[in-house]
$ cat run_32.cif   # mmCIF, C-alpha atoms and all ligand atoms
data_work
loop_
_atom_site.label_atom_id
_atom_site.label_comp_id
_atom_site.auth_asym_id
_atom_site.auth_seq_id
_atom_site.Cartn_x
_atom_site.Cartn_y
_atom_site.Cartn_z
CA MET A 30 14.98 4.81 -37.52
CA LYS A 31 14.15 7.51 -34.94
CA VAL A 32 10.69 7.05 -33.49
CA LEU A 33 8.88 9.57 -31.30
CA VAL A 34 6.60 7.74 -28.83
CA THR A 35 3.93 9.78 -27.05
CA GLY A 36 2.76 8.44 -23.70
CA ALA A 37 6.17 6.78 -23.27
CA ALA A 38 5.86 6.72 -19.47
CA GLY A 39 2.55 4.85 -19.68
CA PHE A 40 1.90 1.11 -19.71
CA ILE A 41 1.88 0.50 -23.47
CA GLY A 42 4.21 3.41 -24.35
CA SER A 43 7.00 2.08 -22.15
CA TYR A 44 6.68 -1.42 -23.63
CA ILE A 45 6.82 -0.20 -27.23
CA SER A 46 9.77 2.05 -26.36
CA ARG A 47 11.70 -0.95 -25.00
CA ALA A 48 10.81 -3.06 -28.03
CA LEU A 49 11.96 -0.36 -30.46
CA ILE A 50 15.25 0.15 -28.59
CA ASN A 51 15.72 -3.61 -28.57
CA ARG A 52 15.43 -3.77 -32.34
CA GLY A 53 17.93 -0.94 -32.79
CA ASP A 54 15.62 2.05 -33.27
CA ASP A 55 16.25 5.32 -31.40
CA VAL A 56 13.31 6.50 -29.29
CA ILE A 57 12.24 9.97 -28.22
CA GLY A 58 9.68 9.58 -25.44
CA ILE A 59 7.17 12.30 -24.57
CA ASP A 60 4.85 12.28 -21.57
CA ASN A 61 3.36 14.83 -19.15
CA PHE A 62 2.84 12.36 -16.25
CA ASP A 63 -0.86 13.21 -16.16
CA ASP A 64 -2.58 12.61 -12.84
CA TYR A 65 -4.83 9.70 -13.87
CA TYR A 66 -2.57 7.44 -11.83
CA PRO A 67 0.53 8.09 -9.67
CA ARG A 68 3.65 9.55 -11.22
CA LYS A 69 5.84 7.02 -9.40
CA SER A 70 4.42 4.12 -11.45
CA LYS A 71 5.28 6.03 -14.62
CA GLU A 72 8.79 6.80 -13.39
CA PHE A 73 9.18 3.09 -12.74
CA ASN A 74 8.08 2.37 -16.33
CA LEU A 75 10.61 4.89 -17.65
CA ASP A 76 13.40 3.42 -15.55
CA LEU A 77 12.78 0.06 -17.23
CA VAL A 78 13.24 1.78 -20.60
CA TYR A 79 16.46 3.48 -19.41
CA LEU A 80 17.75 0.12 -18.18
CA ILE A 81 17.34 -1.36 -21.65
CA ALA A 82 18.85 1.65 -23.41
CA GLU A 83 21.61 2.69 -21.02
CA GLY A 84 21.87 -0.01 -18.35
CA SER A 85 21.07 2.44 -15.53
CA VAL A 86 18.04 4.11 -13.93
CA LYS A 87 17.11 7.81 -13.74
CA TYR A 88 14.24 8.10 -11.26
CA LEU A 89 13.93 5.39 -8.58
CA PRO A 90 16.55 3.50 -6.54
CA GLU A 91 18.07 0.63 -8.51
CA ASN A 92 17.18 -1.95 -5.85
CA GLU A 93 13.48 -1.20 -6.46
CA THR A 94 13.76 -1.52 -10.21
CA MET A 95 16.39 -4.18 -10.86
CA PRO A 96 14.65 -7.37 -9.61
CA VAL A 97 11.56 -6.58 -11.66
CA PHE A 98 13.60 -5.52 -14.65
CA GLU A 99 15.49 -8.79 -14.71
CA LYS A 100 12.25 -10.74 -14.65
CA ILE A 101 10.49 -8.62 -17.26
CA ASN A 102 13.51 -8.60 -19.50
CA SER A 103 13.54 -12.36 -19.56
CA PHE A 104 9.84 -12.30 -20.49
CA LEU A 105 10.60 -9.91 -23.35
CA GLN A 106 13.46 -12.06 -24.57
CA ALA A 107 11.10 -15.05 -24.49
CA ASP A 108 9.02 -13.64 -27.33
CA THR A 109 11.09 -14.29 -30.44
CA ARG A 110 9.26 -11.56 -32.37
CA LEU A 111 10.55 -8.96 -29.90
CA ARG A 112 13.96 -10.49 -29.39
CA SER A 113 16.73 -7.93 -29.04
CA ARG A 114 19.40 -7.25 -31.61
CA ASP A 115 23.06 -6.71 -30.80
CA ILE A 116 22.92 -2.97 -31.33
CA LYS A 117 20.43 -1.19 -29.09
CA GLY A 118 18.83 2.14 -29.91
CA LYS A 119 19.18 5.28 -27.78
CA PHE A 120 16.50 6.77 -25.54
CA VAL A 121 15.73 10.44 -24.95
CA PHE A 122 12.82 11.49 -22.74
CA GLU A 123 11.09 14.87 -22.61
CA GLU A 124 8.45 15.77 -20.05
CA GLY A 125 5.76 17.94 -21.59
CA ASN A 126 2.16 18.26 -22.64
CA MET A 127 1.13 17.50 -26.21
CA ILE A 128 -1.64 20.07 -25.92
CA ASP A 129 1.14 22.66 -25.78
CA GLU A 130 1.90 23.43 -29.43
CA GLY A 131 5.18 25.15 -28.56
CA PHE A 132 6.46 22.12 -26.63
CA VAL A 133 5.50 19.71 -29.41
CA ARG A 134 7.09 21.88 -32.09
CA LYS A 135 10.33 22.36 -30.16
CA SER A 136 10.66 18.68 -29.40
CA PHE A 137 10.06 17.69 -33.03
CA GLU A 138 12.51 20.31 -34.31
CA LYS A 139 15.21 19.27 -31.85
CA ASN A 140 14.87 15.50 -32.21
CA LYS A 141 13.88 15.19 -35.89
CA PRO A 142 12.00 11.87 -35.69
CA ASP A 143 11.33 9.77 -38.80
CA ALA A 144 8.05 8.45 -37.43
CA VAL A 145 5.57 8.88 -34.57
CA ILE A 146 3.74 6.27 -32.51
CA HIS A 147 1.00 8.19 -30.75
CA LEU A 148 -0.21 6.56 -27.54
CA ALA A 149 -0.58 9.50 -25.14
CA ALA A 150 -4.21 9.94 -24.15
CA LYS A 151 -6.64 10.33 -21.39
CA ALA A 152 -7.68 6.69 -21.24
CA GLY A 153 -10.58 5.01 -19.46
CA VAL A 154 -14.28 4.88 -20.25
CA PRO A 155 -15.95 5.77 -16.90
CA SER A 156 -13.74 8.81 -16.19
CA SER A 157 -14.47 10.17 -19.68
CA LEU A 158 -18.13 10.37 -18.67
CA ARG A 159 -17.09 12.69 -15.85
CA ASP A 160 -14.71 14.89 -17.91
CA PRO A 161 -15.69 14.82 -21.60
CA THR A 162 -14.13 18.17 -22.55
CA GLY A 163 -10.85 17.22 -20.85
CA TYR A 164 -10.83 14.09 -23.04
CA VAL A 165 -11.55 16.15 -26.16
CA LYS A 166 -8.67 18.51 -25.41
CA THR A 167 -6.10 15.83 -24.74
CA ASN A 168 -7.16 13.20 -27.24
CA MET A 169 -8.27 15.39 -30.14
CA VAL A 170 -6.38 18.68 -29.82
CA GLY A 171 -3.26 16.76 -28.74
CA THR A 172 -3.50 14.47 -31.78
CA ALA A 173 -4.04 17.43 -34.10
CA ASN A 174 -0.94 19.20 -32.66
CA LEU A 175 1.22 16.14 -33.35
CA ILE A 176 -0.09 15.75 -36.89
CA GLU A 177 0.48 19.44 -37.63
CA ALA A 178 4.06 19.14 -36.41
CA CYS A 179 4.53 16.08 -38.68
CA ARG A 180 3.22 18.05 -41.65
CA ASP A 181 5.43 21.08 -41.02
CA LEU A 182 8.59 19.07 -40.41
CA GLY A 183 8.03 16.54 -43.20
CA ILE A 184 7.58 13.46 -40.96
CA LYS A 185 6.01 10.85 -43.15
CA LYS A 186 4.79 8.08 -40.83
CA PHE A 187 2.22 8.26 -38.03
CA VAL A 188 0.75 5.35 -36.05
CA PHE A 189 -2.32 6.20 -34.01
CA GLY A 190 -3.24 4.14 -30.96
CA SER A 191 -7.01 4.00 -31.25
CA SER A 192 -9.38 1.74 -29.38
CA SER A 193 -12.11 -0.87 -29.80
CA THR A 194 -14.42 1.58 -28.01
CA VAL A 195 -14.89 3.33 -31.40
CA TYR A 196 -17.22 0.47 -32.35
CA GLY A 197 -19.60 0.64 -29.42
CA ASN A 198 -21.45 -2.44 -28.29
CA ARG A 199 -22.36 -4.87 -31.04
CA GLU A 200 -23.02 -8.15 -29.38
CA ASP A 201 -24.96 -9.47 -32.37
CA ARG A 202 -21.88 -10.12 -34.55
CA LYS A 203 -18.13 -9.94 -34.88
CA ILE A 204 -16.78 -6.46 -35.54
CA HIS A 205 -14.37 -5.79 -38.37
CA GLU A 206 -12.59 -2.67 -39.60
CA ASP A 207 -14.77 -2.06 -42.63
CA ASP A 208 -17.90 -1.39 -40.61
CA ASP A 209 -18.48 2.07 -42.02
CA ILE A 210 -20.43 3.57 -39.14
CA LEU A 211 -18.73 3.80 -35.78
CA HIS A 212 -20.96 3.94 -32.69
CA PRO A 213 -18.80 4.91 -29.71
CA GLU A 214 -20.78 4.77 -26.47
CA SER A 215 -18.49 6.99 -24.39
CA PRO A 216 -16.78 10.38 -24.75
CA TYR A 217 -13.48 8.45 -24.68
CA GLY A 218 -14.54 6.38 -27.73
CA ALA A 219 -15.81 9.53 -29.48
CA THR A 220 -12.42 11.26 -29.06
CA LYS A 221 -10.69 8.21 -30.54
CA VAL A 222 -13.01 8.40 -33.59
CA GLY A 223 -12.05 12.09 -33.88
CA GLY A 224 -8.36 11.20 -33.81
CA GLU A 225 -8.86 8.51 -36.46
CA ILE A 226 -10.64 10.92 -38.80
CA PHE A 227 -7.85 13.46 -38.41
CA CYS A 228 -5.36 10.71 -39.31
CA TYR A 229 -7.32 9.96 -42.48
CA THR A 230 -7.33 13.65 -43.42
CA ALA A 231 -3.58 13.89 -42.73
CA SER A 232 -2.92 11.04 -45.12
CA LYS A 233 -5.11 12.53 -47.86
CA VAL A 234 -4.20 16.18 -47.52
CA TYR A 235 -0.66 16.18 -46.11
CA GLY A 236 0.57 12.88 -47.56
CA ILE A 237 1.51 11.47 -44.13
CA LYS A 238 1.29 7.67 -44.09
CA THR A 239 -1.01 7.03 -41.17
CA THR A 240 -1.92 3.65 -39.76
CA VAL A 241 -4.70 3.43 -37.21
CA CYS A 242 -4.13 0.62 -34.74
CA ARG A 243 -7.44 -0.14 -33.05
CA ILE A 244 -6.14 -1.57 -29.81
CA ILE A 245 -8.46 -4.35 -28.73
CA GLY A 246 -8.26 -4.06 -24.98
CA PRO A 247 -8.08 -4.53 -22.17
CA ILE A 248 -4.38 -4.99 -22.73
CA TYR A 249 -2.95 -7.02 -19.88
CA GLY A 250 0.46 -8.26 -18.74
CA PRO A 251 3.17 -7.30 -16.26
CA LEU A 252 2.75 -3.75 -14.93
CA GLN A 253 -0.66 -3.29 -16.51
CA ARG A 254 -1.84 0.12 -15.34
CA GLN A 255 -3.62 -0.23 -12.00
CA TYR A 256 -6.34 2.27 -12.86
CA GLY A 257 -9.42 1.30 -14.83
CA MET A 258 -8.14 -2.22 -15.54
CA PHE A 259 -9.98 -5.15 -14.02
CA MET A 260 -7.16 -7.69 -14.10
CA GLN A 261 -4.54 -5.61 -12.25
CA ARG A 262 -7.15 -4.35 -9.82
CA ALA A 263 -8.28 -7.88 -9.07
CA ILE A 264 -4.66 -8.90 -8.42
CA ASN A 265 -4.11 -5.86 -6.20
CA PHE A 266 -7.38 -6.36 -4.29
CA THR A 267 -6.77 -10.07 -3.80
CA PHE A 268 -3.24 -9.40 -2.55
CA ASN A 269 -4.65 -6.80 -0.12
CA ASP A 270 -7.64 -9.01 0.94
CA ARG A 271 -10.21 -6.65 -0.52
CA GLU A 272 -13.40 -7.37 -2.44
CA ILE A 273 -13.63 -6.24 -6.07
CA SER A 274 -16.74 -5.10 -7.98
CA ILE A 275 -17.45 -6.75 -11.30
CA TYR A 276 -19.19 -4.60 -13.89
CA GLY A 277 -20.90 -6.34 -16.76
CA LYS A 278 -24.44 -7.04 -17.88
CA LYS A 279 -23.88 -10.77 -17.67
CA GLY A 280 -21.83 -10.75 -14.50
CA LEU A 281 -19.13 -13.41 -14.52
CA GLU A 282 -20.25 -14.52 -17.98
CA THR A 283 -19.48 -11.08 -19.47
CA SER A 284 -16.82 -11.49 -22.11
CA LYS A 285 -13.98 -9.15 -22.98
CA ASN A 286 -11.32 -9.25 -25.68
CA SER A 287 -8.22 -9.14 -23.54
CA THR A 288 -4.86 -9.04 -25.33
CA TYR A 289 -1.40 -9.72 -23.91
CA ILE A 290 0.91 -6.70 -24.07
CA ASP A 291 3.61 -8.38 -26.21
CA ASP A 292 0.99 -9.35 -28.79
CA LEU A 293 -0.08 -5.71 -28.99
CA VAL A 294 3.50 -4.41 -29.15
CA TYR A 295 4.24 -6.81 -32.00
CA GLY A 296 1.15 -5.47 -33.82
CA LEU A 297 2.23 -1.86 -33.25
CA LEU A 298 5.63 -2.63 -34.79
CA LEU A 299 3.90 -4.14 -37.84
CA CYS A 300 1.75 -0.99 -38.12
CA LEU A 301 4.90 1.15 -37.93
CA ASP A 302 6.60 -0.80 -40.71
CA TYR A 303 3.47 -0.83 -42.92
CA ASP A 304 3.86 1.40 -45.94
CA LYS A 305 0.36 2.17 -47.25
CA ASN A 306 -1.03 5.70 -47.20
CA PHE A 307 -3.89 5.06 -44.81
CA ASP A 308 -5.25 1.92 -43.20
CA VAL A 309 -7.01 0.69 -40.09
CA PHE A 310 -6.28 -2.56 -38.26
CA ASN A 311 -7.80 -4.31 -35.29
CA ILE A 312 -4.87 -5.50 -33.20
CA GLY A 313 -5.76 -7.90 -30.43
CA SER A 314 -6.08 -11.52 -29.40
CA GLY A 315 -9.21 -11.98 -31.51
CA GLU A 316 -10.62 -14.10 -28.69
CA ALA A 317 -13.16 -13.08 -26.12
CA GLN A 318 -12.69 -14.49 -22.63
CA LYS A 319 -15.20 -14.52 -19.81
CA ILE A 320 -14.50 -12.63 -16.60
CA SER A 321 -14.89 -15.98 -14.83
CA ASP A 322 -11.90 -17.27 -16.89
CA TRP A 323 -9.77 -14.32 -15.77
CA ILE A 324 -10.72 -14.86 -12.16
CA GLY A 325 -9.88 -18.57 -12.43
CA GLU A 326 -6.42 -17.79 -13.82
CA ILE A 327 -5.74 -15.11 -11.19
CA GLU A 328 -6.72 -17.53 -8.42
CA LYS A 329 -4.46 -20.23 -9.88
CA ALA A 330 -1.50 -17.86 -10.19
CA MET A 331 -1.98 -16.30 -6.74
CA GLY A 332 -3.02 -19.46 -4.91
CA LYS A 333 -5.82 -17.42 -3.34
CA LYS A 334 -9.57 -16.82 -3.85
CA VAL A 335 -10.66 -13.58 -5.55
CA LYS A 336 -13.44 -11.93 -3.49
CA TYR A 337 -16.00 -10.09 -5.63
CA THR A 338 -19.53 -8.71 -6.00
CA VAL A 339 -21.30 -8.29 -9.32
CA VAL A 340 -22.79 -4.85 -10.00
CA GLU A 341 -24.54 -3.30 -12.99
CA ALA A 342 -22.80 -2.64 -16.31
CA ASP A 343 -20.90 0.59 -16.82
CA LYS A 344 -22.18 2.88 -19.53
CA GLY A 345 -19.87 2.64 -22.53
CA ASP A 346 -18.66 -0.85 -21.66
CA VAL A 347 -17.75 -2.86 -24.78
CA GLY A 348 -18.53 -6.57 -24.72
CA SER A 349 -18.40 -7.28 -28.44
CA SER A 350 -16.09 -9.72 -30.14
CA VAL A 351 -13.59 -8.30 -32.62
CA ASP A 352 -12.26 -9.78 -35.86
CA ILE A 353 -8.49 -9.59 -36.49
CA ALA A 354 -8.51 -11.36 -39.90
CA LYS A 355 -7.50 -8.20 -41.78
CA ALA A 356 -4.33 -7.70 -39.71
CA GLN A 357 -3.56 -11.41 -40.04
CA LYS A 358 -3.91 -11.31 -43.82
CA ILE A 359 -2.25 -7.99 -44.64
CA LEU A 360 0.28 -7.51 -41.84
CA GLY A 361 0.97 -11.18 -41.12
CA TYR A 362 -0.11 -10.52 -37.53
CA ASN A 363 -0.65 -13.43 -35.18
CA PRO A 364 -1.22 -13.20 -31.44
CA ALA A 365 0.55 -15.92 -29.51
CA MET A 366 -0.06 -15.62 -25.77
CA GLN A 367 -2.31 -17.97 -23.81
CA LEU A 368 -4.36 -16.33 -21.06
CA SER A 369 -3.01 -18.62 -18.32
CA GLN A 370 0.63 -17.86 -19.16
CA GLY A 371 0.02 -14.12 -19.50
CA VAL A 372 -1.83 -13.86 -16.18
CA LYS A 373 0.91 -15.89 -14.48
CA ARG A 374 3.54 -13.40 -15.67
CA GLN A 375 1.41 -10.48 -14.54
CA VAL A 376 0.89 -11.95 -11.07
CA GLU A 377 4.57 -12.91 -10.70
CA THR A 378 5.61 -9.37 -11.59
CA PHE A 379 3.07 -7.82 -9.22
CA LEU A 380 4.45 -9.92 -6.37
CA LEU A 381 8.01 -8.80 -7.21
CA MET A 382 7.07 -5.13 -6.97
CA PRO A 383 7.98 -2.94 -3.98
CA ASP A 384 5.37 -2.22 -1.27
CA TRP A 385 4.49 1.30 -2.51
CA TYR A 386 3.20 -0.33 -5.70
CA LYS A 387 1.44 -3.31 -4.15
CA ASN A 388 -0.33 -1.12 -1.60
CA GLN A 389 -1.34 1.53 -4.12
CA LYS A 390 -5.03 2.43 -4.04
CA THR A 391 -6.61 1.69 -7.41
CA VAL A 392 -9.88 2.65 -9.06
N1 LIG B 401 -4.63 -0.28 -22.06
C1 LIG B 401 -5.64 -0.66 -22.84
O1 LIG B 401 -6.27 -1.69 -22.63
C2 LIG B 401 -5.98 0.17 -24.07
C3 LIG B 401 -7.03 -0.27 -24.90
C4 LIG B 401 -7.36 0.47 -26.03
C5 LIG B 401 -6.65 1.62 -26.33
N2 LIG B 401 -5.65 2.03 -25.51
C6 LIG B 401 -4.92 3.27 -25.84
O2 LIG B 401 -3.52 3.03 -25.74
C7 LIG B 401 -2.87 4.20 -25.30
C8 LIG B 401 -1.99 3.90 -24.10
O3 LIG B 401 -2.78 3.37 -23.05
P1 LIG B 401 -2.16 2.88 -21.68
O4 LIG B 401 -2.98 1.77 -21.17
O5 LIG B 401 -0.70 2.69 -21.84
O6 LIG B 401 -2.46 4.15 -20.75
P2 LIG B 401 -1.51 4.97 -19.78
O7 LIG B 401 -2.40 5.92 -19.05
O8 LIG B 401 -0.67 4.05 -18.98
O9 LIG B 401 -0.58 5.77 -20.79
C9 LIG B 401 -0.95 6.98 -21.40
C10 LIG B 401 0.17 7.99 -21.14
O10 LIG B 401 -0.16 9.21 -21.82
C11 LIG B 401 0.30 10.28 -20.99
N3 LIG B 401 -0.44 11.50 -21.32
C12 LIG B 401 -1.75 11.76 -21.08
N4 LIG B 401 -2.06 12.99 -21.50
C13 LIG B 401 -0.93 13.53 -22.03
C14 LIG B 401 -0.62 14.79 -22.60
N5 LIG B 401 -1.54 15.73 -22.73
N6 LIG B 401 0.65 15.00 -23.03
C15 LIG B 401 1.61 14.05 -22.90
N7 LIG B 401 1.36 12.83 -22.35
C16 LIG B 401 0.11 12.58 -21.92
C17 LIG B 401 0.02 9.83 -19.57
O11 LIG B 401 0.80 10.51 -18.61
C18 LIG B 401 0.34 8.33 -19.65
O12 LIG B 401 1.66 8.05 -19.21
C19 LIG B 401 -3.95 5.24 -25.03
O13 LIG B 401 -4.06 6.05 -26.18
C20 LIG B 401 -5.20 4.41 -24.87
O14 LIG B 401 -6.35 5.14 -25.23
C21 LIG B 401 -5.30 1.33 -24.39
#

$ encode --input "run_32.cif" --output "structure tokens"
Amino acid sequence: MKVLVTGAAGFIGSYISRALINRGDDVIGIDNFDDYYPRKSKEFNLDLVYLIAEGSVKYLPENETMPVFEKINSFLQADTRLRSRDIKGKFVFEEGNMIDEGFVRKSFEKNKPDAVIHLAAKAGVPSSLRDPTGYVKTNMVGTANLIEACRDLGIKKFVFGSSSTVYGNREDRKIHEDDDILHPESPYGATKVGGEIFCYTASKVYGIKTTVCRIIGPIYGPLQRQYGMFMQRAINFTFNDREISIYGKKGLETSKNSTYIDDLVYGLLLCLDYDKNFDVFNIGSGEAQKISDWIGEIEKAMGKKVKYTVVEADKGDVGSSVDIAKAQKILGYNPAMQLSQGVKRQVETFLLMPDWYKNQKTV
């Protein structure tokens, strides 16, 4: 199968691209290297995809990429659900903006994908409060452009990377997919609801099989994006002897539903292979962990204390716990990673990275 992955240079997009290539699918990656975080990190991500597909790099010197690649590759091989097949798929990458209809159309016409996994987005809750219309353009107009191209070129499968932020904060009970009213508490969450609704319409009106994957983040693991992600920031700050701020109404007791990247990638593959006209799945660990647990694991893996101060909760922060029973029952989904093991891999990878990465300023 030929799969077009949007956001392929990003954290999750590069992982799913590698997993698809590993199972023999061809991948067309699209990304505009938006300026949310440095281009070099995204080029590094892409080089790891090229190494899987072609055995060589395209952007950075091999001696920067290879040691990390070897380590990450062994992590990927360790998960039997993502284990590689003998025949690897091919990788094509195109730099461009999904808001640009002409670019999207040309790329679809040239590459003729069978399916789309749509992960490109302006991500991050706090920055969406500063730039709501920018989020609407990228996340809603961009999604609509992709769906229109699917309709016109007869592409019949679309997986949408949504987010648990569509639910808003519901600390009173577990959240499941069939809650009929979504209460996003940030512009980012609102744009994801918009994308989901367009997916539903596309399935009804255009007959495109769309599966909404509500990604229950934060997604963590090696090379987690350094921006807007507590875990990677805490690792970076601890490495650089800096103090980190903890946002959350309950301070260290605040809980989050963190999910290891391979568990998400496995869920995305199940969503891709799922054949129903329209459906929505929560994909995540299904377990909330306290920030104090994360800090404990980071300290263990780094052999160093994490310095922090607790400040007030961010607007739009989601602390609810999310039910994954539907994905378990229908897709046969089961997350496998233990927090301690996942954090250890993330820290080990961070320490393997070149200085430009370790010294990167993060927000
Ligand atoms: N990481 C998480 O914890 C998490 C949680 C819930 C949902 N998600 C969703 O998963 C997806 C991927 O997240 P990520 O953590 O990998 O983020 P990321 O920022 O690393 O990746 C997103 C990629 O999309 C690209 N992009 C942005 N605007 C674009 C445009 N107009 N045209 C083409 N490419 C564009 C960016 O350059 C980036 O490489 C996003 O849709 C995000 O909303 C992520």

$ closest_residue --input "run_32.cif" --among "A:Gly84, A:Pro247, A:Gly280, A:Gly163" --to "ligand LIG 401 (chain B)" --atoms "all atoms listed in the file"
A:Pro247

$ closest_atom_pairs --input "run_32.cif" --of "range 259-342 of chain A" --to "range 200-216 of chain A" --cutoff "7 Å" --atoms "only C-alpha atoms" --output "CSV"
residue,atom,partner,partner_atom,distance
A:Val309,CA,A:Glu206,CA,6.5
A:Phe310,CA,A:Glu206,CA,6.5
A:Asn311,CA,A:Glu206,CA,6.6

$ write_last_selection --input "run_32.cif" --atoms "C-alpha atoms" --output "CSV table (one decimal), in the frame of the given file"
chain,number,residue,atom,x,y,z
A,309,VAL,CA,-7.0,0.7,-40.1
A,310,PHE,CA,-6.3,-2.6,-38.3
A,311,ASN,CA,-7.8,-4.3,-35.3

$ atom_distance --input "run_32.cif" --atom1 "CA of Asp352 in chain A" --atom2 "CA of Tyr303 in chain A"
19.4 Å

$ closest_atom_pairs --input "run_32.cif" --of "range 245-269 of chain A" --to "range 31-55 of chain A" --cutoff "9 Å" --atoms "all atoms listed in the file" --output "CSV"
residue,atom,partner,partner_atom,distance
A:Ile248,CA,A:Ile41,CA,8.4
A:Leu252,CA,A:Phe40,CA,6.9
A:Gln253,CA,A:Phe40,CA,6.0
A:Arg254,CA,A:Phe40,CA,5.8

$ residues_near_ligand --input "run_32.cif" --ligand "ligand LIG 401 (chain B)" --cutoff "8 Å" --atoms "all atoms listed in the file" --output "PyMOL selection string"
chain A and resi 35-43+59-66+68+71+124-128+147-153+167-168+171+190-194+217+221+243-249+253-254+258+287-288

$ build_atoms --input "run_32.cif" --residues "range 258-270 of chain A" --atoms "N, CA and C atoms" --output "CSV table (one decimal), in the frame of the given file"
chain,number,residue,atom,x,y,z
A,258,MET,N,-8.4,-0.9,-14.9
A,258,MET,CA,-8.1,-2.2,-15.5
A,258,MET,C,-8.5,-3.3,-14.6
A,259,PHE,N,-9.5,-4.2,-15.0
A,259,PHE,CA,-10.0,-5.2,-14.0
A,259,PHE,C,-8.9,-6.1,-13.5
A,260,MET,N,-8.1,-6.6,-14.4
A,260,MET,CA,-7.2,-7.7,-14.1
A,260,MET,C,-6.2,-7.2,-13.0
A,261,GLN,N,-5.5,-6.1,-13.2
A,261,GLN,CA,-4.5,-5.6,-12.2
A,261,GLN,C,-5.2,-5.2,-10.9
A,262,ARG,N,-6.4,-4.7,-11.0
A,262,ARG,CA,-7.2,-4.4,-9.8
A,262,ARG,C,-7.5,-5.6,-9.0
A,263,ALA,N,-7.9,-6.6,-9.7
A,263,ALA,CA,-8.3,-7.9,-9.1
A,263,ALA,C,-7.1,-8.5,-8.4
A,264,ILE,N,-5.9,-8.4,-9.0
A,264,ILE,CA,-4.7,-8.9,-8.4
A,264,ILE,C,-4.3,-8.1,-7.2
A,265,ASN,N,-4.4,-6.8,-7.3
A,265,ASN,CA,-4.1,-5.9,-6.2
A,265,ASN,C,-5.1,-6.1,-5.0
A,266,PHE,N,-6.4,-6.2,-5.3
A,266,PHE,CA,-7.4,-6.4,-4.3
A,266,PHE,C,-7.2,-7.7,-3.6
A,267,THR,N,-6.9,-8.7,-4.4
A,267,THR,CA,-6.8,-10.1,-3.8
A,267,THR,C,-5.5,-10.1,-2.9
A,268,PHE,N,-4.5,-9.5,-3.4
A,268,PHE,CA,-3.2,-9.4,-2.6
A,268,PHE,C,-3.5,-8.7,-1.2
A,269,ASN,N,-4.4,-7.6,-1.3
A,269,ASN,CA,-4.6,-6.8,-0.1
A,269,ASN,C,-5.9,-7.2,0.6
A,270,ASP,N,-6.4,-8.5,0.3
A,270,ASP,CA,-7.6,-9.0,0.9
A,270,ASP,C,-8.9,-8.1,0.8
